[in-house]
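Next up, upload-v7.pdb (PDB, C-alpha atoms):
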ATOM      1  CA  MET A  26       2.703  25.741  21.614
ATOM      2  CA  THR A  27       4.209  22.434  22.684
ATOM      3  CA  THR A  28       4.680  19.906  19.889
ATOM      4  CA  THR A  29       4.157  16.319  20.900
ATOM      5  CA  GLY A  30       6.603  13.750  19.616
ATOM      6  CA  PHE A  31       5.852  10.638  17.635
ATOM      7  CA  GLU A  32       4.294   7.826  19.681
ATOM      8  CA  PRO A  33       4.674   4.467  17.871
ATOM      9  CA  ALA A  34       2.008   2.607  19.862
ATOM     10  CA  ARG A  35      -0.568   5.323  19.270
ATOM     11  CA  PHE A  36       0.345   5.493  15.580
ATOM     12  CA  LYS A  37      -0.181   1.761  15.128
ATOM     13  CA  ALA A  38      -3.484   1.850  16.990
ATOM     14  CA  THR A  39      -4.678   4.703  14.778
ATOM     15  CA  GLN A  40      -3.525   2.932  11.632
ATOM     16  CA  ARG A  41      -5.339  -0.222  12.672
ATOM     17  CA  ALA A  42      -8.565   1.682  13.389
ATOM     18  CA  ASN A  43      -8.343   3.624  10.123
ATOM     19  CA  TRP A  44      -7.734   0.581   7.938
ATOM     20  CA  ASN A  45     -10.554  -1.278   9.668
ATOM     21  CA  ALA A  46     -12.894   1.632   8.964
ATOM     22  CA  MET A  47     -11.741   1.920   5.336
ATOM     23  CA  SER A  48     -11.866  -1.793   4.537
ATOM     24  CA  GLY A  49     -15.334  -1.724   2.979
ATOM     25  CA  GLY A  50     -14.433   1.253   0.817
ATOM     26  CA  TRP A  51     -11.281  -0.425  -0.429
ATOM     27  CA  LEU A  52     -13.224  -3.579  -1.290
ATOM     28  CA  SER A  53     -15.801  -1.594  -3.269
ATOM     29  CA  TRP A  54     -12.992   0.207  -5.104
ATOM     30  CA  GLN A  55     -10.829  -2.872  -5.664
ATOM     31  CA  ASP A  56     -11.585  -3.415  -9.350
ATOM     32  CA  LYS A  57     -10.844   0.199 -10.272
ATOM     33  CA  PHE A  58      -7.677   0.306  -8.176
ATOM     34  CA  GLU A  59      -6.414  -2.920  -9.737
ATOM     35  CA  ARG A  60      -6.357  -1.277 -13.189
ATOM     36  CA  GLY A  61      -3.043   0.240 -12.145
ATOM     37  CA  ALA A  62      -2.079  -2.061  -9.285
ATOM     38  CA  THR A  63      -2.222  -5.442 -11.051
ATOM     39  CA  PRO A  64       0.832  -4.691 -13.232
ATOM     40  CA  VAL A  65       2.735  -3.924 -10.018
ATOM     41  CA  SER A  66       1.724  -7.282  -8.523
ATOM     42  CA  GLU A  67       2.818  -9.069 -11.681
ATOM     43  CA  HIS A  68       6.146  -7.228 -11.660
ATOM     44  CA  LEU A  69       6.797  -8.166  -8.020
ATOM     45  CA  ILE A  70       5.938 -11.802  -8.693
ATOM     46  CA  ALA A  71       8.359 -11.855 -11.635
ATOM     47  CA  LEU A  72      11.125 -10.250  -9.554
ATOM     48  CA  ALA A  73      10.573 -12.821  -6.810
ATOM     49  CA  GLY A  74      10.835 -15.637  -9.356
ATOM     50  CA  LEU A  75       7.727 -17.369  -8.048
ATOM     51  CA  ARG A  76       7.004 -20.799  -9.419
ATOM     52  CA  PRO A  77       4.757 -23.755  -8.559
ATOM     53  CA  GLY A  78       5.407 -25.128  -5.094
ATOM     54  CA  HIS A  79       6.824 -21.946  -3.585
ATOM     55  CA  ARG A  80       5.853 -20.732  -0.135
ATOM     56  CA  VAL A  81       5.052 -17.014  -0.113
ATOM     57  CA  LEU A  82       4.346 -14.379   2.528
ATOM     58  CA  ASP A  83       2.403 -11.219   1.607
ATOM     59  CA  VAL A  84       2.903  -8.355   4.078
ATOM     60  CA  GLY A  85       0.175  -5.709   4.336
ATOM     61  CA  THR A  86      -2.209  -7.634   2.104
ATOM     62  CA  GLY A  87      -5.194  -5.325   2.592
ATOM     63  CA  VAL A  88      -8.170  -6.960   0.897
ATOM     64  CA  GLY A  89      -5.934  -9.676  -0.531
ATOM     65  CA  GLU A  90      -3.350  -8.533  -3.038
ATOM     66  CA  PRO A  91      -0.862  -9.583  -4.194
ATOM     67  CA  ALA A  92      -1.538 -12.738  -2.138
ATOM     68  CA  LEU A  93      -4.382 -13.994  -4.335
ATOM     69  CA  THR A  94      -2.427 -13.412  -7.536
ATOM     70  CA  ALA A  95       0.586 -15.211  -6.051
ATOM     71  CA  ALA A  96      -1.623 -18.151  -5.025
ATOM     72  CA  ARG A  97      -2.564 -18.732  -8.654
ATOM     73  CA  VAL A  98       1.111 -18.652  -9.664
ATOM     74  CA  VAL A  99       2.481 -21.077  -7.044
ATOM     75  CA  GLY A 100      -0.465 -23.436  -7.492
ATOM     76  CA  PRO A 101      -1.883 -26.164  -5.261
ATOM     77  CA  THR A 102       1.571 -27.466  -4.312
ATOM     78  CA  GLY A 103       2.527 -24.046  -2.961
ATOM     79  CA  HIS A 104       1.263 -22.041  -0.014
ATOM     80  CA  VAL A 105       0.580 -18.364   0.671
ATOM     81  CA  THR A 106       0.408 -16.625   4.031
ATOM     82  CA  ALA A 107      -0.994 -13.099   4.057
ATOM     83  CA  ILE A 108      -0.904 -10.694   6.996
ATOM     84  CA  ASP A 109      -2.458  -7.329   7.667
ATOM     85  CA  LEU A 110      -2.642  -5.091  10.722
ATOM     86  CA  ALA A 111      -6.415  -4.576  10.416
ATOM     87  CA  GLU A 112      -8.809  -7.374  11.360
ATOM     88  CA  ASP A 113     -11.521  -6.172   8.976
ATOM     89  CA  MET A 114      -9.075  -6.298   6.079
ATOM     90  CA  VAL A 115      -8.145  -9.826   7.167
ATOM     91  CA  ALA A 116     -11.803 -10.868   7.180
ATOM     92  CA  ILE A 117     -12.331  -9.570   3.640
ATOM     93  CA  ALA A 118      -9.128 -11.161   2.312
ATOM     94  CA  THR A 119     -10.067 -14.469   3.966
ATOM     95  CA  GLU A 120     -13.473 -14.453   2.287
ATOM     96  CA  ARG A 121     -11.921 -13.674  -1.093
ATOM     97  CA  ALA A 122      -9.280 -16.383  -0.657
ATOM     98  CA  ALA A 123     -11.997 -18.938   0.070
ATOM     99  CA  ARG A 124     -13.372 -18.360  -3.435
ATOM    100  CA  LEU A 125     -10.133 -19.417  -5.171
ATOM    101  CA  ASP A 126     -10.444 -22.638  -7.146
ATOM    102  CA  ASP A 127      -8.352 -25.762  -6.619
ATOM    103  CA  THR A 128      -5.727 -24.672  -9.147
ATOM    104  CA  ALA A 129      -4.505 -22.045  -6.659
ATOM    105  CA  ALA A 130      -2.492 -22.454  -3.479
ATOM    106  CA  PRO A 131      -4.229 -22.354  -0.117
ATOM    107  CA  VAL A 132      -4.062 -18.870   1.408
ATOM    108  CA  ASP A 133      -3.820 -18.427   5.171
ATOM    109  CA  VAL A 134      -4.785 -14.846   6.077
ATOM    110  CA  ARG A 135      -4.051 -13.604   9.584
ATOM    111  CA  GLN A 136      -3.748 -10.417  11.598
ATOM    112  CA  GLY A 137      -0.132  -9.426  12.159
ATOM    113  CA  ASP A 138       2.514  -6.716  12.417
ATOM    114  CA  VAL A 139       5.525  -6.892  10.104
ATOM    115  CA  GLU A 140       7.897  -5.765  12.858
ATOM    116  CA  THR A 141       6.969  -8.711  15.088
ATOM    117  CA  LEU A 142       6.210 -11.550  12.681
ATOM    118  CA  ASP A 143       5.100 -14.662  14.559
ATOM    119  CA  LEU A 144       6.084 -17.101  11.819
ATOM    120  CA  PRO A 145       8.619 -19.943  11.553
ATOM    121  CA  ALA A 146      12.146 -18.873  10.688
ATOM    122  CA  GLY A 147      13.403 -19.664   7.210
ATOM    123  CA  SER A 148      10.024 -20.941   6.034
ATOM    124  CA  TYR A 149       9.321 -18.813   2.943
ATOM    125  CA  ASP A 150      10.831 -18.734  -0.530
ATOM    126  CA  ALA A 151       9.633 -15.174  -1.092
ATOM    127  CA  VAL A 152       8.086 -12.230   0.715
ATOM    128  CA  LEU A 153       5.927  -9.804  -1.245
ATOM    129  CA  SER A 154       4.516  -6.451  -0.175
ATOM    130  CA  ARG A 155       2.595  -3.956  -2.285
ATOM    131  CA  TRP A 156       2.537  -0.479  -0.726
ATOM    132  CA  GLY A 157       2.662  -1.731   2.844
ATOM    133  CA  LEU A 158       6.225  -1.687   4.183
ATOM    134  CA  MET A 159       6.541   2.119   4.190
ATOM    135  CA  PHE A 160       4.093   2.253   7.119
ATOM    136  CA  ALA A 161       6.469   0.286   9.364
ATOM    137  CA  VAL A 162       7.493   2.326  12.397
ATOM    138  CA  ASP A 163      11.022   0.888  12.443
ATOM    139  CA  HIS A 164      12.181   0.120   8.909
ATOM    140  CA  ILE A 165      15.225  -1.905   9.897
ATOM    141  CA  ALA A 166      13.243  -3.961  12.419
ATOM    142  CA  ALA A 167      10.665  -4.693   9.727
ATOM    143  CA  PHE A 168      13.327  -5.727   7.219
ATOM    144  CA  ARG A 169      15.032  -7.929   9.817
ATOM    145  CA  ALA A 170      11.739  -9.652  10.589
ATOM    146  CA  VAL A 171      11.207 -10.293   6.881
ATOM    147  CA  ALA A 172      14.749 -11.620   6.476
ATOM    148  CA  ALA A 173      14.239 -13.989   9.409
ATOM    149  CA  VAL A 174      11.286 -15.779   7.803
ATOM    150  CA  LEU A 175      12.967 -16.129   4.404
ATOM    151  CA  ARG A 176      14.962 -19.239   3.599
ATOM    152  CA  PRO A 177      18.632 -18.626   2.728
ATOM    153  CA  GLY A 178      18.622 -17.165  -0.771
ATOM    154  CA  GLY A 179      14.958 -16.212  -0.492
ATOM    155  CA  THR A 180      13.759 -12.977  -2.062
ATOM    156  CA  LEU A 181      11.948  -9.883  -0.872
ATOM    157  CA  ALA A 182      10.037  -8.105  -3.650
ATOM    158  CA  ALA A 183       8.107  -5.030  -2.573
ATOM    159  CA  SER A 184       6.726  -1.755  -3.851
ATOM    160  CA  VAL A 185       6.647   1.524  -1.926
ATOM    161  CA  TRP A 186       5.622   4.942  -3.161
ATOM    162  CA  GLY A 187       8.058   7.390  -4.715
ATOM    163  CA  GLU A 188       7.952  11.110  -4.006
ATOM    164  CA  PRO A 189       4.459  12.681  -3.804
ATOM    165  CA  ALA A 190       4.836  14.563  -7.096
ATOM    166  CA  GLU A 191       5.573  11.245  -8.806
ATOM    167  CA  ALA A 192       2.437   9.519  -7.526
ATOM    168  CA  PRO A 193      -0.643  11.559  -8.473
ATOM    169  CA  MET A 194      -3.009   8.662  -7.771
ATOM    170  CA  VAL A 195      -2.482   9.100  -4.049
ATOM    171  CA  SER A 196      -1.053  12.606  -3.731
ATOM    172  CA  ARG A 197      -3.217  15.021  -5.721
ATOM    173  CA  GLY A 198      -6.346  14.656  -3.592
ATOM    174  CA  PHE A 199      -4.465  14.626  -0.308
ATOM    175  CA  ARG A 200      -2.706  17.858  -1.230
ATOM    176  CA  VAL A 201      -6.137  19.487  -1.613
ATOM    177  CA  LEU A 202      -7.282  18.167   1.762
ATOM    178  CA  ALA A 203      -4.064  19.274   3.451
ATOM    179  CA  GLN A 204      -4.550  22.814   2.142
ATOM    180  CA  ARG A 205      -8.273  23.114   2.849
ATOM    181  CA  LEU A 206      -7.988  21.604   6.337
ATOM    182  CA  ASP A 207      -4.669  23.226   7.293
ATOM    183  CA  LEU A 208      -3.307  19.826   8.224
ATOM    184  CA  PRO A 209      -0.136  20.032  10.316
ATOM    185  CA  LYS A 210       3.016  18.313   9.221
ATOM    186  CA  PRO A 211       3.379  14.900  10.900
ATOM    187  CA  PRO A 212       5.910  14.722  13.740
ATOM    188  CA  PRO A 213       9.440  13.680  12.779
ATOM    189  CA  GLY A 214       9.774   9.917  12.500
ATOM    190  CA  GLU A 215       6.113   9.214  11.793
ATOM    191  CA  PRO A 216       5.680   6.774   8.884
ATOM    192  CA  ASN A 217       3.834   7.981   5.814
ATOM    193  CA  PRO A 218       3.211   6.748   2.260
ATOM    194  CA  TYR A 219       6.513   8.244   1.085
ATOM    195  CA  SER A 220       8.797   7.236   3.955
ATOM    196  CA  MET A 221      10.770   4.813   1.735
ATOM    197  CA  ALA A 222      10.932   7.071  -1.327
ATOM    198  CA  ASP A 223      14.654   7.748  -0.813
ATOM    199  CA  ARG A 224      16.363   4.938  -2.741
ATOM    200  CA  GLU A 225      19.756   5.276  -1.071
ATOM    201  CA  GLN A 226      18.332   5.354   2.455
ATOM    202  CA  THR A 227      16.103   2.356   1.797
ATOM    203  CA  GLU A 228      19.021   0.394   0.376
ATOM    204  CA  LEU A 229      21.119   1.218   3.460
ATOM    205  CA  GLU A 230      18.291   0.029   5.733
ATOM    206  CA  LEU A 231      17.930  -3.234   3.804
ATOM    207  CA  ARG A 232      21.657  -3.941   4.013
ATOM    208  CA  ALA A 233      21.647  -3.070   7.729
ATOM    209  CA  ALA A 234      18.951  -5.717   8.163
ATOM    210  CA  GLY A 235      21.140  -8.364   6.522
ATOM    211  CA  PHE A 236      19.927  -8.345   2.921
ATOM    212  CA  THR A 237      22.270  -8.666  -0.052
ATOM    213  CA  ASP A 238      21.889  -8.175  -3.813
ATOM    214  CA  VAL A 239      19.758  -5.135  -3.038
ATOM    215  CA  GLU A 240      18.151  -3.256  -5.912
ATOM    216  CA  VAL A 241      15.772  -0.303  -5.631
ATOM    217  CA  THR A 242      14.376   0.623  -9.025
ATOM    218  CA  ASP A 243      11.319   2.431 -10.417
ATOM    219  CA  PHE A 244       8.149   1.055 -11.966
ATOM    220  CA  THR A 245       5.174   3.050 -13.195
ATOM    221  CA  ALA A 246       1.724   1.917 -12.099
ATOM    222  CA  PRO A 247      -0.615   2.834 -15.000
ATOM    223  CA  PHE A 248      -3.616   4.036 -12.984
ATOM    224  CA  TRP A 249      -6.514   5.514 -14.931
ATOM    225  CA  LEU A 250     -10.051   6.602 -14.113
ATOM    226  CA  ALA A 251     -13.126   7.044 -16.273
ATOM    227  CA  ASP A 252     -13.425  10.684 -15.218
ATOM    228  CA  ALA A 253     -12.659  13.096 -12.387
ATOM    229  CA  ASP A 254     -15.774  11.950 -10.533
ATOM    230  CA  GLU A 255     -14.120   8.562 -10.032
ATOM    231  CA  TYR A 256     -11.186  10.293  -8.369
ATOM    232  CA  VAL A 257     -13.601  12.028  -6.005
ATOM    233  CA  GLU A 258     -15.222   8.655  -5.328
ATOM    234  CA  PHE A 259     -11.819   7.180  -4.483
ATOM    235  CA  TYR A 260     -11.149   9.850  -1.874
ATOM    236  CA  ARG A 261     -14.652   9.655  -0.425
ATOM    237  CA  LYS A 262     -14.554   5.873  -0.019
ATOM    238  CA  CYS A 263     -10.900   5.262   0.799
ATOM    239  CA  SER A 264     -10.002   8.151   3.130
ATOM    240  CA  PRO A 265      -9.706   7.797   6.922
ATOM    241  CA  PRO A 266     -12.955   8.714   8.705
ATOM    242  CA  ALA A 267     -11.095  11.371  10.698
ATOM    243  CA  LEU A 268     -10.393  13.318   7.488
ATOM    244  CA  LEU A 269     -14.057  13.227   6.496
ATOM    245  CA  GLY A 270     -14.932  14.352  10.008
ATOM    246  CA  MET A 271     -12.566  17.290   9.678
ATOM    247  CA  ILE A 272     -14.281  18.358   6.451
ATOM    248  CA  GLU A 273     -17.623  18.309   8.257
ATOM    249  CA  GLN A 274     -16.243  20.247  11.204
ATOM    250  CA  ARG A 275     -14.594  22.895   9.014
ATOM    251  CA  TYR A 276     -17.260  23.296   6.317
ATOM    252  CA  GLY A 277     -20.457  22.087   7.963
ATOM    253  CA  SER A 278     -20.834  18.886   5.980
ATOM    254  CA  ALA A 279     -18.689  15.986   4.818
ATOM    255  CA  ASP A 280     -20.378  16.580   1.452
ATOM    256  CA  ASP A 281     -18.925  20.090   1.217
ATOM    257  CA  PRO A 282     -19.036  20.840  -2.532
ATOM    258  CA  GLY A 283     -16.026  23.140  -2.400
ATOM    259  CA  THR A 284     -13.787  20.346  -1.153
ATOM    260  CA  TRP A 285     -14.916  17.694  -3.606
ATOM    261  CA  THR A 286     -14.920  20.099  -6.550
ATOM    262  CA  ALA A 287     -11.337  21.047  -5.685
ATOM    263  CA  ILE A 288     -10.329  17.376  -5.599
ATOM    264  CA  ALA A 289     -11.923  16.804  -9.003
ATOM    265  CA  GLU A 290     -10.133  19.869 -10.374
ATOM    266  CA  SER A 291      -6.791  18.642  -8.982
ATOM    267  CA  VAL A 292      -6.625  15.983 -11.721
ATOM    268  CA  ALA A 293      -8.196  17.993 -14.550
ATOM    269  CA  ASP A 294      -4.809  18.529 -16.194
ATOM    270  CA  LEU A 295      -4.397  14.754 -16.456
ATOM    271  CA  ARG A 296      -7.437  14.272 -18.696
ATOM    272  CA  ALA A 297      -6.577  12.399 -21.909
ATOM    273  CA  THR A 298      -8.144  13.009 -25.317
ATOM    274  CA  ASP A 299     -10.623  10.161 -24.719
ATOM    275  CA  GLY A 300     -11.841  11.855 -21.523
ATOM    276  CA  THR A 301     -10.220   9.427 -19.102
ATOM    277  CA  ILE A 302      -8.001  10.643 -16.283
ATOM    278  CA  ARG A 303      -4.498   9.173 -16.591
ATOM    279  CA  LEU A 304      -2.606   8.923 -13.314
ATOM    280  CA  PRO A 305       0.636   7.037 -14.007
ATOM    281  CA  SER A 306       2.280   6.833 -10.597
ATOM    282  CA  ARG A 307       5.907   5.996 -10.000
ATOM    283  CA  THR A 308       6.569   3.409  -7.353
ATOM    284  CA  ARG A 309       9.904   2.330  -5.925
ATOM    285  CA  VAL A 310      10.445  -1.408  -6.336
ATOM    286  CA  ILE A 311      12.655  -3.285  -3.880
ATOM    287  CA  ARG A 312      14.317  -6.580  -4.687
ATOM    288  CA  ALA A 313      16.710  -8.080  -2.158
ATOM    289  CA  ARG A 314      17.962 -11.508  -1.114
ATOM    290  CA  ARG A 315      18.480 -12.924   2.313
TER
END
Encoded form using structure tokens:
Amino acid sequence: MTTTGFEPARFKATQRANWNAMSGGWLSWQDKFERGATPVSEHLIALAGLRPGHRVLDVGTGVGEPALTAARVVGPTGHVTAIDLAEDMVAIATERAARLDDTAAPVDVRQGDVETLDLPAGSYDAVLSRWGLMFAVDHIAAFRAVAAVLRPGGTLAASVWGEPAEAPMVSRGFRVLAQRLDLPKPPPGEPNPYSMADREQTELELRAAGFTDVEVTDFTAPFWLADADEYVEFYRKCSPPALLGMIEQRYGSADDPGTWTAIAESVADLRATDGTIRLPSRTRVIRARR
């Protein structure tokens, strides 16, 4: 059987379509996801040293974080630009930004690709990204684009996932789907949630892009769910439609009980004494200066 190689343009088109399709699910799940994600946003903002008046860029903002949190920190004298590849994510983030009060900075949300940022050079004090940069096709190109829009001395503060075993929030359910659907391994070079998990490689790529004072450390996102059913809900609402279609094709229905029971059981060992499911997930945290 001939194995096709990685096609960057097709990958980006698929990513864009998937995130558009998942945007509503992510919005409906936002409050539950932020239980573990908000501490990551706060940590990135602290690492970036944000203060009133700063200009900030958020890359891969999704439905609006950490852009909206940053807007409250830099205040009305600051400014936040947020980009995302998916137009439907942009629409949701724009609507949410419009509801900020006048104590927050204005937030300009736009569709964009981190590797080809169409923004003025040297115009931002900080660039933030929460679980977005690892999907860049060309890591060094993405880091160079980020460096170009930072002012001299400006800071990149970003989170990317660690190894799958370290991040049960995202990995446990996918492992079940991969097994039940016999998913093939992605072609070499294709980005994935863990493509920046290697600290040394990521540091080398940052330095190759012109960053200095590079630090790649760990931070634990304290995700928790009320019960295993919430984990099933997460995968049902926030998975690409193609995966749900594959469940239907393989098992006759996207509601296949065997699949969803297996996903619930995949986190059973993480149940705490109070009945909640604790999913502390290690994330790599990047801090680097232009």
Atomic distance atom CA of A:Leu110 - atom CA of A:Ser48, expressed in Å with one decimal: 11.6 Å
Picked residues, the PyMOL selection byres ((chain A and resi 244) around 8), expected as a list of chain:residue names: A:Val65, A:Thr242, A:Asp243, A:Thr245, A:Ala246, A:Arg307, A:Thr308, A:Arg309, A:Val310
Residues matched by the PyMOL selection byres ((chain A and resi 46) around 10), written as a PyMOL selection string: chain A and resi 40-45+47-51+111+113-114+263-266
Close residues, A:Glu228 itself excluded, 10 Å, only C-alpha atoms, min 6 positions apart in chain, as a list of chain:residue names: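 The residues satisfying every condition are A:Met221, A:Ala234, A:Phe236, A:Thr237, A:Asp238, A:Val239, A:Glu240, A:Val241, A:Ile311, A:Arg312, A:Ala313.
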Selection above as a file: C-alpha atoms, as a compact mmCIF listing (two decimals), in the coordinates of the input:
# COMPACT_ATOMS: atom_id res chain seq x y z
CA MET A 221 10.77 4.81 1.74
CA ALA A 234 18.95 -5.72 8.16
CA PHE A 236 19.93 -8.35 2.92
CA THR A 237 22.27 -8.67 -0.05
CA ASP A 238 21.89 -8.18 -3.81
CA VAL A 239 19.76 -5.14 -3.04
CA GLU A 240 18.15 -3.26 -5.91
CA VAL A 241 15.77 -0.30 -5.63
CA ILE A 311 12.66 -3.28 -3.88
CA ARG A 312 14.32 -6.58 -4.69
CA ALA A 313 16.71 -8.08 -2.16
From A:His104, A:Lys262, A:Arg197, A:Arg205, residue lying nearest A:Ala289 [all atoms listed in the file]: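 Comparing A:His104, A:Lys262, A:Arg197, A:Arg205 against A:Ala289, the winner is A:Arg197.
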